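Enquirer: There's a structure below that I have some questions on.
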Amino acid sequence: MSTYVLVHGAWHTGAELEPVAAPIRAAGHQVYLPTIRGNRPGDAKTTGLKEAIQSIVDYLAENNLKDVILLGHSYGGMVITGVADLVPERIRRLVYWNAFVPNNGECLNDMVPPQYVGLFDMIAAERGDGSVVLPFPIWREAFINDADLELAQRAYDILNPHPLKTFSDTIALKTNPAEMQIAKSYINCTEDTALPHGYPWHPRLSEKLGLFRLVQVSGSHELCFSDPPRLANAIMEAGRD
Amino acid sequence: MSTYVLVHGAWHTGAELEPVAAPIRAAGHQVYLPTIRGNRPGDAKTTGLKEAIQSIVDYLAENNLKDVILLGHSYGGMVITGVADLVPERIRRLVYWNAFVPNNGECLNDMVPPQYVGLFDMIAAERGDGSVVLPFPIWREAFINDADLELAQRAYDILNPHPLKTFSDTIALKTNPAEMQIAKSYINCTEDTALPHGYPWHPRLSEKLGLFRLVQVSGSHELCFSDPPRLANAIMEAGRD
Amino acid sequence: MSTYVLVHGAWHTGAELEPVAAPIRAAGHQVYLPTIRGNRPGDAKTTGLKEAIQSIVDYLAENNLKDVILLGHSYGGMVITGVADLVPERIRRLVYWNAFVPNNGECLNDMVPPQYVGLFDMIAAERGDGSVVLPFPIWREAFINDADLELAQRAYDILNPHPLKTFSDTIALKTNPAEMQIAKSYINCTEDTALPHGYPWHPRLSEKLGLFRLVQVSGSHELCFSDPPRLANAIMEAGRD
């Protein structure tokens, strides 16, 4: 029996991963679904990356979790990298699921196309509370391309505005991911076009892990909504020893 | 219920897409299978791209088709792009299936390897009526690599000589695909090697669509022959709202 | 009924391919599983590439095999290329399965990342008998990423030390693969990360074949262990006319 901690991506909370956790629990594992600071109901949308990382470090400590298979989705890759750097002794394996892999001094915005950075800045400027949202057409066509319109809309309505500062804050790491003495896996959804036009997740970001295990699975960036059991299987293949 | 118009590729006619249309019709949709001018029995093989495009514009008008999901396969991508530029008001979504995506002033030959252009010119020069045919070994190994020899041969025997001028004519567009205010999808068959050696369909051509929905499916360039129901499912995933 | 000769990769013997041969035989074909000189029990680990190639040429002659579908896995691609150059009259089709494709004057090491060359040299220097072995973490994460730990370990225990000289010996060919007048196929396992970081098998090596048939299948570099029937199906799709 293993202990999985699944860390969601931007605009999400841990609750959206419940249908993914169910088959993993049914296979005999423990699964924890924290919500990162900045995405919890009532959180200030001025939250930065350091606070976001610390909130998961605190979660592991409060729940006394050890030997953790720590998964991060998308923006969650920034968070789990920071967590692994702070408390490597709690972690058995890192699993990146179409996730950002930062080296010391990088921010998420360094790894996305400039048109996204500009779009996010513009939207955040309009909102004025530090948060950014995804325009629905981008969500529907490029993030959840494998779902029907009804599911795409229902999932969109669950999303929460995301603190933009977590995208522009650079990460401070003692050790870059390739040099971390922790096992690592990368799950790549083969129809993920959330990062377009020459900015693929794999191998562009995965190769920053050094030696890692690749698991590929058919699906979009939001496979957690469109086929949770398929994602759960991929997570277990990525997470096992 | 939606209205699909499926536009075939070079060397084909609409009739070859009947087995693809059947499962789409069974799902409750209307499906139209026009044959592009130049590929109909008796058509002059000196047909150019403008006439080819106009023949589908006329077809939509004659059948009074609106709210159309307009799919183009391979060379058919040239045609549907031209159609969408002329009668955007008839079209709900463009679906490119391993298809060429031209910008204003480009021709099909601009998007294929130079060795193909040379080969086609040489074959057309030998034939002398303006048409080009595919050598069987290229068809068998690079176009329909997922079929057995019998099916490869049977499908090859159905093909018709293609008017070469439609490959070298440049397209005149008021609006490039990325700027068209129409929803767009790209279906990529993952074993399609019809365009070889650094000339992939996706993302090289798909990214010219701007925001688009990616659907990937296992199969060759000629999935319409090797697994029509699988292609039909991909088309419905690409075509839905 | 066809005649298949499956040539294993480095560190393997023909015996490991028995579970792959079984479904091919069940489909009515003959399957031969030679072991390359240098990998047979008792073989000198100073064996070079020329002797390795000659051992398969001899095998074909001793068994009087003609019209052979000759498959090579990984390092086996070096060997079958050399065999095809020496006895093209015995071969109906070459099938490369995530295999090296050399031109005249190239060695295997020319096609792998420099860090691998350095690692292999270091390990061989420590062993002192001319052989190299794979470190288990690389095997487990990058070669057999689709298996569970138990299978990964069991398969690892079967491997034999490989003669390093076969990696650094250059091949002498009268005809490069692209110009060989033999049908060719390339099987690409889509989760094969044995060659990492910008050194993909396909299309980097496959395109050296000129016109070839692509077959892709989900799986790691060691699909012969993780799903032999799936590999057998891919081989039959690659091997048929």
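Ordering of the structure tokens sets the chain letters (A, B, ...), residue numbers begin anew at 1 in every chain, and ligands are numbered from 1 in the order given.
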What are the closest atom pairs, with distances in Å to one decimal, for all residues of chain B lying within 9 Å of chain C? Consider only C-alpha atoms, order rows by chain and residue number, and present the result as a Markdown table.

Expert:
```
| residue | atom | partner | partner_atom | distance |
| --- | --- | --- | --- | --- |
| B:Pro137 | CA | C:Leu211 | CA | 8.5 |
| B:Ile138 | CA | C:Leu211 | CA | 7.2 |
| B:Arg140 | CA | C:Arg213 | CA | 8.2 |
| B:Glu141 | CA | C:Arg213 | CA | 4.6 |
| B:Ala142 | CA | C:Arg213 | CA | 5.9 |
| B:Phe143 | CA | C:Arg213 | CA | 8.9 |
| B:Ile144 | CA | C:Arg213 | CA | 8.9 |
| B:Asn145 | CA | C:Arg213 | CA | 5.7 |
| B:Asp146 | CA | C:Glu237 | CA | 7.2 |
| B:Ala147 | CA | C:Glu237 | CA | 8.2 |
| B:Asp148 | CA | C:Arg240 | CA | 7.3 |
| B:Leu149 | CA | C:Asp241 | CA | 6.0 |
| B:Thr190 | CA | C:Gln216 | CA | 8.2 |
| B:Glu191 | CA | C:Leu214 | CA | 6.6 |
| B:Asp192 | CA | C:Leu214 | CA | 8.3 |
| B:Thr193 | CA | C:Leu214 | CA | 7.2 |
| B:Pro196 | CA | C:Glu207 | CA | 7.9 |
| B:His197 | CA | C:Glu207 | CA | 6.2 |
| B:Gly198 | CA | C:Pro203 | CA | 8.0 |
| B:Ser218 | CA | C:Gln216 | CA | 8.5 |
| B:Ser220 | CA | C:Leu214 | CA | 8.9 |
```

Enquirer: Please provide the set of residues having any atom within 6 Å of Val31 of chain B, restricted to only C-alpha atoms, with same-chain residues fewer than 3 positions apart removed, written as a list in words.

Expert: Thr3, Tyr4 and Val5 of chain B

Enquirer: Please write the residues from the selection above to a file, keeping N, CA and C atoms, as a PDB file, in the first residue's frame.

Expert:
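Listing of part34.pdb after writing:
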```
ATOM      1  N   THR B   3     -24.903  18.686 -39.310  1.00  0.00           N
ATOM      2  CA  THR B   3     -24.730  18.456 -40.735  1.00  0.00           C
ATOM      3  C   THR B   3     -23.239  18.406 -41.058  1.00  0.00           C
ATOM      4  N   TYR B   4     -22.776  17.239 -41.452  1.00  0.00           N
ATOM      5  CA  TYR B   4     -21.374  17.059 -41.830  1.00  0.00           C
ATOM      6  C   TYR B   4     -21.236  17.040 -43.346  1.00  0.00           C
ATOM      7  N   VAL B   5     -20.239  17.765 -43.849  1.00  0.00           N
ATOM      8  CA  VAL B   5     -19.848  17.661 -45.250  1.00  0.00           C
ATOM      9  C   VAL B   5     -18.384  17.234 -45.257  1.00  0.00           C
TER      10      VAL B   5
END
```

Enquirer: Quick one: everything within 8 Å of Trp11 of chain A, counting only C-alpha atoms, minus sequence neighbours fewer than 3 positions away in the same chain. Send it as a VMD selection string.

Expert: chain A and resid 39 133 159 to 162

Enquirer: Keeping N, CA and C atoms, export the residues of the selection given above as a short mmCIF file (atom, residue, chain, number, x, y, z; two decimals), in the first residue's frame.

Expert:
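Once written, part-v7.cif looks like this:
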```
data_model
loop_
_atom_site.label_atom_id
_atom_site.label_comp_id
_atom_site.auth_asym_id
_atom_site.auth_seq_id
_atom_site.Cartn_x
_atom_site.Cartn_y
_atom_site.Cartn_z
N ASN A 39 -5.94 28.86 -3.71
CA ASN A 39 -7.07 28.25 -4.44
C ASN A 39 -8.20 27.79 -3.51
N VAL A 133 -8.40 34.35 -14.84
CA VAL A 133 -9.27 33.24 -15.25
C VAL A 133 -8.96 32.88 -16.69
N LEU A 159 -14.14 25.85 -11.71
CA LEU A 159 -12.82 26.45 -11.55
C LEU A 159 -12.87 27.70 -10.67
N ASN A 160 -11.75 27.99 -10.01
CA ASN A 160 -11.67 29.22 -9.22
C ASN A 160 -10.58 30.13 -9.77
N PRO A 161 -10.79 31.45 -9.64
CA PRO A 161 -9.78 32.40 -10.14
C PRO A 161 -8.42 32.11 -9.49
N HIS A 162 -7.36 32.18 -10.29
CA HIS A 162 -6.05 31.76 -9.82
C HIS A 162 -5.15 32.96 -9.53
#
```

Enquirer: Counting only C-alpha atoms, what is within 12 Å of Met122 of chain B, bar same-chain residues fewer than 2 positions away, as a ChimeraX atom specification?

Expert: /B:115-120,124-128,130-135,164

Enquirer: Need the shell around segment 99-105 of chain A: protein/DNA/RNA residues with any atom at most 8 Å away, counting only C-alpha atoms. Skip same-chain ones fewer than 3 positions apart. Format as a PDB file with N, CA, C and O atoms, in the first residue's frame?

Expert:
```
ATOM      1  N   GLY A  72       2.105  16.270  -9.063  1.00  0.00           N
ATOM      2  CA  GLY A  72       1.688  17.634  -9.361  1.00  0.00           C
ATOM      3  C   GLY A  72       1.179  17.738 -10.781  1.00  0.00           C
ATOM      4  O   GLY A  72       1.790  17.208 -11.709  1.00  0.00           O
ATOM      5  N   HIS A  73       0.052  18.412 -10.954  1.00  0.00           N
ATOM      6  CA  HIS A  73      -0.548  18.622 -12.279  1.00  0.00           C
ATOM      7  C   HIS A  73      -0.308  20.062 -12.708  1.00  0.00           C
ATOM      8  O   HIS A  73      -0.653  20.987 -11.985  1.00  0.00           O
ATOM      9  N   SER A  74       0.328  20.227 -13.879  1.00  0.00           N
ATOM     10  CA  SER A  74       0.456  21.543 -14.495  1.00  0.00           C
ATOM     11  C   SER A  74       1.192  22.495 -13.546  1.00  0.00           C
ATOM     12  O   SER A  74       2.334  22.218 -13.167  1.00  0.00           O
ATOM     13  N   TYR A  75       0.550  23.579 -13.114  1.00  0.00           N
ATOM     14  CA  TYR A  75       1.136  24.482 -12.117  1.00  0.00           C
ATOM     15  C   TYR A  75       1.568  23.714 -10.871  1.00  0.00           C
ATOM     16  O   TYR A  75       2.548  24.086 -10.214  1.00  0.00           O
ATOM     17  N   GLY A  76       0.894  22.636 -10.548  1.00  0.00           N
ATOM     18  CA  GLY A  76       1.260  21.828  -9.390  1.00  0.00           C
ATOM     19  C   GLY A  76       2.687  21.303  -9.466  1.00  0.00           C
ATOM     20  O   GLY A  76       3.279  20.945  -8.441  1.00  0.00           O
ATOM     21  N   GLY A  77       3.256  21.254 -10.677  1.00  0.00           N
ATOM     22  CA  GLY A  77       4.653  20.858 -10.826  1.00  0.00           C
ATOM     23  C   GLY A  77       5.605  21.848 -10.187  1.00  0.00           C
ATOM     24  O   GLY A  77       6.658  21.462  -9.647  1.00  0.00           O
ATOM     25  N   MET A  78       5.242  23.131 -10.236  1.00  0.00           N
ATOM     26  CA  MET A  78       6.045  24.141  -9.530  1.00  0.00           C
ATOM     27  C   MET A  78       6.033  23.859  -8.032  1.00  0.00           C
ATOM     28  O   MET A  78       7.056  23.924  -7.348  1.00  0.00           O
ATOM     29  N   THR A  81       7.848  20.550  -6.851  1.00  0.00           N
ATOM     30  CA  THR A  81       9.299  20.710  -6.938  1.00  0.00           C
ATOM     31  C   THR A  81       9.810  21.476  -5.717  1.00  0.00           C
ATOM     32  O   THR A  81      10.826  21.102  -5.107  1.00  0.00           O
ATOM     33  N   TYR A  96       5.149  14.009 -12.145  1.00  0.00           N
ATOM     34  CA  TYR A  96       4.681  15.209 -12.834  1.00  0.00           C
ATOM     35  C   TYR A  96       3.664  14.784 -13.885  1.00  0.00           C
ATOM     36  O   TYR A  96       3.964  13.950 -14.731  1.00  0.00           O
ATOM     37  N   LEU A 108       6.938  29.994 -13.578  1.00  0.00           N
ATOM     38  CA  LEU A 108       6.055  29.308 -14.533  1.00  0.00           C
ATOM     39  C   LEU A 108       5.994  30.069 -15.853  1.00  0.00           C
ATOM     40  O   LEU A 108       6.054  29.471 -16.931  1.00  0.00           O
ATOM     41  N   MET A 111       8.096  29.331 -18.843  1.00  0.00           N
ATOM     42  CA  MET A 111       7.920  28.079 -19.597  1.00  0.00           C
ATOM     43  C   MET A 111       6.670  28.073 -20.468  1.00  0.00           C
ATOM     44  O   MET A 111       6.319  27.034 -21.021  1.00  0.00           O
ATOM     45  N   THR A 170       9.521  33.629  -9.050  1.00  0.00           N
ATOM     46  CA  THR A 170      10.540  32.614  -9.343  1.00  0.00           C
ATOM     47  C   THR A 170      10.693  31.685  -8.142  1.00  0.00           C
ATOM     48  O   THR A 170      10.422  32.065  -7.009  1.00  0.00           O
ATOM     49  N   ILE A 171      11.111  30.477  -8.423  1.00  0.00           N
ATOM     50  CA  ILE A 171      11.265  29.487  -7.364  1.00  0.00           C
ATOM     51  C   ILE A 171      12.703  29.488  -6.863  1.00  0.00           C
ATOM     52  O   ILE A 171      13.641  29.674  -7.646  1.00  0.00           O
ATOM     53  N   ALA A 172      12.851  29.306  -5.568  1.00  0.00           N
ATOM     54  CA  ALA A 172      14.192  29.197  -4.978  1.00  0.00           C
ATOM     55  C   ALA A 172      14.425  27.745  -4.590  1.00  0.00           C
ATOM     56  O   ALA A 172      13.684  27.195  -3.766  1.00  0.00           O
ATOM     57  N   LEU A 173      15.408  27.116  -5.229  1.00  0.00           N
ATOM     58  CA  LEU A 173      15.695  25.704  -4.980  1.00  0.00           C
ATOM     59  C   LEU A 173      17.153  25.534  -4.572  1.00  0.00           C
ATOM     60  O   LEU A 173      18.043  26.133  -5.176  1.00  0.00           O
ATOM     61  N   LYS A 174      17.391  24.716  -3.589  1.00  0.00           N
ATOM     62  CA  LYS A 174      18.769  24.321  -3.270  1.00  0.00           C
ATOM     63  C   LYS A 174      19.285  23.334  -4.313  1.00  0.00           C
ATOM     64  O   LYS A 174      20.460  23.326  -4.655  1.00  0.00           O
ATOM     65  N   THR A 175      18.379  22.498  -4.806  1.00  0.00           N
ATOM     66  CA  THR A 175      18.742  21.429  -5.739  1.00  0.00           C
ATOM     67  C   THR A 175      17.783  21.437  -6.919  1.00  0.00           C
ATOM     68  O   THR A 175      16.572  21.456  -6.723  1.00  0.00           O
ATOM     69  N   ASN A 176      18.317  21.427  -8.141  1.00  0.00           N
ATOM     70  CA  ASN A 176      17.438  21.318  -9.312  1.00  0.00           C
ATOM     71  C   ASN A 176      16.889  19.901  -9.431  1.00  0.00           C
ATOM     72  O   ASN A 176      17.517  18.945  -8.962  1.00  0.00           O
ATOM     73  N   PRO A 177      15.736  19.758 -10.075  1.00  0.00           N
ATOM     74  CA  PRO A 177      15.092  18.434 -10.157  1.00  0.00           C
ATOM     75  C   PRO A 177      16.009  17.328 -10.680  1.00  0.00           C
ATOM     76  O   PRO A 177      15.986  16.213 -10.152  1.00  0.00           O
ATOM     77  N   TRP A 201       4.908  19.819 -23.467  1.00  0.00           N
ATOM     78  CA  TRP A 201       5.247  19.409 -22.094  1.00  0.00           C
ATOM     79  C   TRP A 201       6.416  18.423 -22.133  1.00  0.00           C
ATOM     80  O   TRP A 201       7.403  18.573 -21.403  1.00  0.00           O
ATOM     81  N   LEU A 205       9.899  19.748 -21.042  1.00  0.00           N
ATOM     82  CA  LEU A 205       9.960  19.939 -19.593  1.00  0.00           C
ATOM     83  C   LEU A 205      10.367  18.665 -18.866  1.00  0.00           C
ATOM     84  O   LEU A 205      11.095  18.701 -17.880  1.00  0.00           O
ATOM     85  N   SER A 206       9.913  17.515 -19.366  1.00  0.00           N
ATOM     86  CA  SER A 206      10.231  16.249 -18.698  1.00  0.00           C
ATOM     87  C   SER A 206      11.735  16.017 -18.631  1.00  0.00           C
ATOM     88  O   SER A 206      12.244  15.482 -17.648  1.00  0.00           O
ATOM     89  N   LYS A 208      14.021  17.918 -18.042  1.00  0.00           N
ATOM     90  CA  LYS A 208      14.670  18.636 -16.937  1.00  0.00           C
ATOM     91  C   LYS A 208      14.734  17.780 -15.670  1.00  0.00           C
ATOM     92  O   LYS A 208      15.347  18.181 -14.684  1.00  0.00           O
ATOM     93  N   LEU A 209      14.080  16.618 -15.692  1.00  0.00           N
ATOM     94  CA  LEU A 209      14.084  15.726 -14.528  1.00  0.00           C
ATOM     95  C   LEU A 209      15.331  14.849 -14.466  1.00  0.00           C
ATOM     96  O   LEU A 209      15.547  14.172 -13.470  1.00  0.00           O
TER      97      LEU A 209
END
```
